[in-house]
Each structure stands twice: as structure tokens, then as C-alpha cells.
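Undergrad: Have a look at this one.
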Amino acid sequence: MPRPSNKRSKLGRFLEKHGYNRTQLGEMANLNRSTVTRLYNDSSYMPSGNTISKVMKALKRLDPSLKAEDFFDV
């Protein structure tokens, strides 16, 4: 398993820690590759409400206790 990188966003670090990659997130959340790359790598990126909703719906399948505030400044 790869080591979490400090260059990753909170979401990217969470996904790495739990063994998920960008492709899996894109498929689970039905997002395009460029959006997923920004979500995964860019800690300053603030996605749209729709994108946050898709990501959180996918992540809640993994852990229902997760909140958008865990990953995004909302």
C-alpha cells in the first residue's frame, strides 16, 4: 500500500489510507478523471455542491458516519 503523501488533499489521504485509488473514486461517484484528480491532489480545490454530493454518496457506502466537513471546507 502506498504511503500517504502530504501533497494529497484530505480526501486523497483518506482514500490512500483505505486502499482506494482515483479510478475507483471516479467510478463510485460517476465523476470524470480531471475532477477526481483535483479532488485527490489539490487541497485548495473547492468542488461544486453537486460534486461534493456525489463524492459523499460514494464514500457513505464505505463508512456511513463520514461527513462532507471531514474533507471539504463547507
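Convention: chains lettered A, B, ... in C-alpha cells order; per-chain residue numbering from 1; ligands numbered from 1 as shown.
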Using only C-alpha atoms, which residues sit within 10 Å of Val74 in chain A once same-chain residues fewer than 5 positions away are excluded, as a ChimeraX atom specification?
TA: /A:46,49,52,68-69
Undergrad: Could the residues in this selection be written to a file with all heavy atoms, as a short mmCIF file (atom, residue, chain, number, x, y, z; two decimals), in the first residue's frame?
TA:
```cif
data_model
loop_
_atom_site.label_atom_id
_atom_site.label_comp_id
_atom_site.auth_asym_id
_atom_site.auth_seq_id
_atom_site.Cartn_x
_atom_site.Cartn_y
_atom_site.Cartn_z
N MET A 46 -12.07 23.67 -4.34
CA MET A 46 -13.41 23.63 -3.73
C MET A 46 -14.40 23.21 -4.81
O MET A 46 -14.77 24.00 -5.68
CB MET A 46 -13.77 24.99 -3.15
CG MET A 46 -15.04 24.97 -2.36
SD MET A 46 -14.92 23.78 -1.02
CE MET A 46 -16.62 23.63 -0.58
N GLY A 49 -21.27 21.94 -5.22
CA GLY A 49 -22.14 21.19 -4.31
C GLY A 49 -22.55 19.85 -4.89
O GLY A 49 -22.63 18.85 -4.17
N ILE A 52 -19.58 17.46 -4.53
CA ILE A 52 -19.47 17.03 -3.12
C ILE A 52 -20.53 15.99 -2.81
O ILE A 52 -20.26 14.98 -2.15
CB ILE A 52 -19.57 18.24 -2.17
CG1 ILE A 52 -18.34 19.13 -2.31
CG2 ILE A 52 -19.73 17.77 -0.72
CD1 ILE A 52 -18.41 20.44 -1.55
N ALA A 68 -19.24 15.58 4.91
CA ALA A 68 -18.55 16.44 3.94
C ALA A 68 -17.49 17.30 4.63
O ALA A 68 -16.43 17.55 4.07
CB ALA A 68 -19.55 17.32 3.20
N GLU A 69 -17.77 17.70 5.86
CA GLU A 69 -16.83 18.54 6.61
C GLU A 69 -15.51 17.82 6.90
O GLU A 69 -14.50 18.47 7.20
CB GLU A 69 -17.45 19.00 7.95
CG GLU A 69 -18.65 19.89 7.78
CD GLU A 69 -19.95 19.11 7.53
OE1 GLU A 69 -20.04 17.91 7.88
OE2 GLU A 69 -20.87 19.70 6.97
#
```
Undergrad: Distance table requested - range 25-48 of chain A against range 59-62 of chain A, cut-off 10 Å, only C-alpha atoms: one row per qualifying residue with the closest atom pair and its distance in Å to one decimal, ordered by chain and rising residue number, as CSV.
TA:
```
residue,atom,partner,partner_atom,distance
A:Leu25,CA,A:Leu59,CA,8.5
A:Met28,CA,A:Leu59,CA,8.3
A:Ala29,CA,A:Leu59,CA,8.4
```
Undergrad: Quick one: residues within 8 Å of Gly12 in chain A, only C-alpha atoms counted, chain neighbours fewer than 6 positions away excluded, as number ranges by chain?
TA: A: 39-41
Undergrad: With only C-alpha atoms as the counted atoms, please give the residues lying no more than 12 Å from Ala58 in chain A, apart from itself and same-chain residues fewer than 4 positions off, as an MDAnalysis selection string.
TA: chainID A and resid 15 20 24:31 51:54 62:64 66:68
Undergrad: Enumerate the residues of chain A with a DSSP assignment of helix (DSSP H, G or I), computed from the backbone, and present them as JSON, numbers by chain.
TA: {"A": [10, 11, 12, 13, 14, 15, 16, 17, 22, 23, 24, 25, 26, 27, 28, 29, 33, 34, 35, 36, 37, 38, 39, 40, 41, 49, 50, 51, 52, 53, 54, 55, 56, 57, 58, 59, 60, 61, 62, 68, 69, 70]}
Undergrad: Mind giving me the straight-line distance from CA of Asn32 in chain A to CA of Lys57 in chain A in Å, one decimal?
TA: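 Between CA of Asn32 in chain A and CA of Lys57 in chain A the gap works out to 15.8 Å.
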Undergrad: List as a list of chain:residue names the protein and nucleic acid residues near Lys7 in chain A, meaning an atom at most 9 Å away when only C-alpha atoms are counted, but skip any in the same chain fewer than 6 places from it.
TA: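 Final neighbour list, sorted by chain and number: A:Arg13, A:Asn41, A:Asp42, A:Ser43.
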Undergrad: Could you tell me how far CA of Ser48 in chain A lies from CA of Phe14 in chain A, in Å and to one decimal?
TA: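 So the answer is 19.8 Å.
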Undergrad: Can you list, as a PyMOL selection string, every protein, DNA or RNA residue that comes within 9 Å of Arg33 in chain A when you count only C-alpha atoms, leaving out same-chain residues fewer than 5 positions away?
TA: chain A and resi 22-23+26+38
Undergrad: When you draw a straight line from CA of Ser9 in chain A to CA of Val55 in chain A, how long is it in Å?
TA: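 About the pair CA of Ser9 in chain A and CA of Val55 in chain A: they are 13.7 Å apart.
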Undergrad: A:Gly19, A:Ser34, A:Tyr45, A:Met56: which is nearest Asp70 in chain A, counting only C-alpha atoms?
TA: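 Closest to Asp70 in chain A of all the choices is A:Met56.
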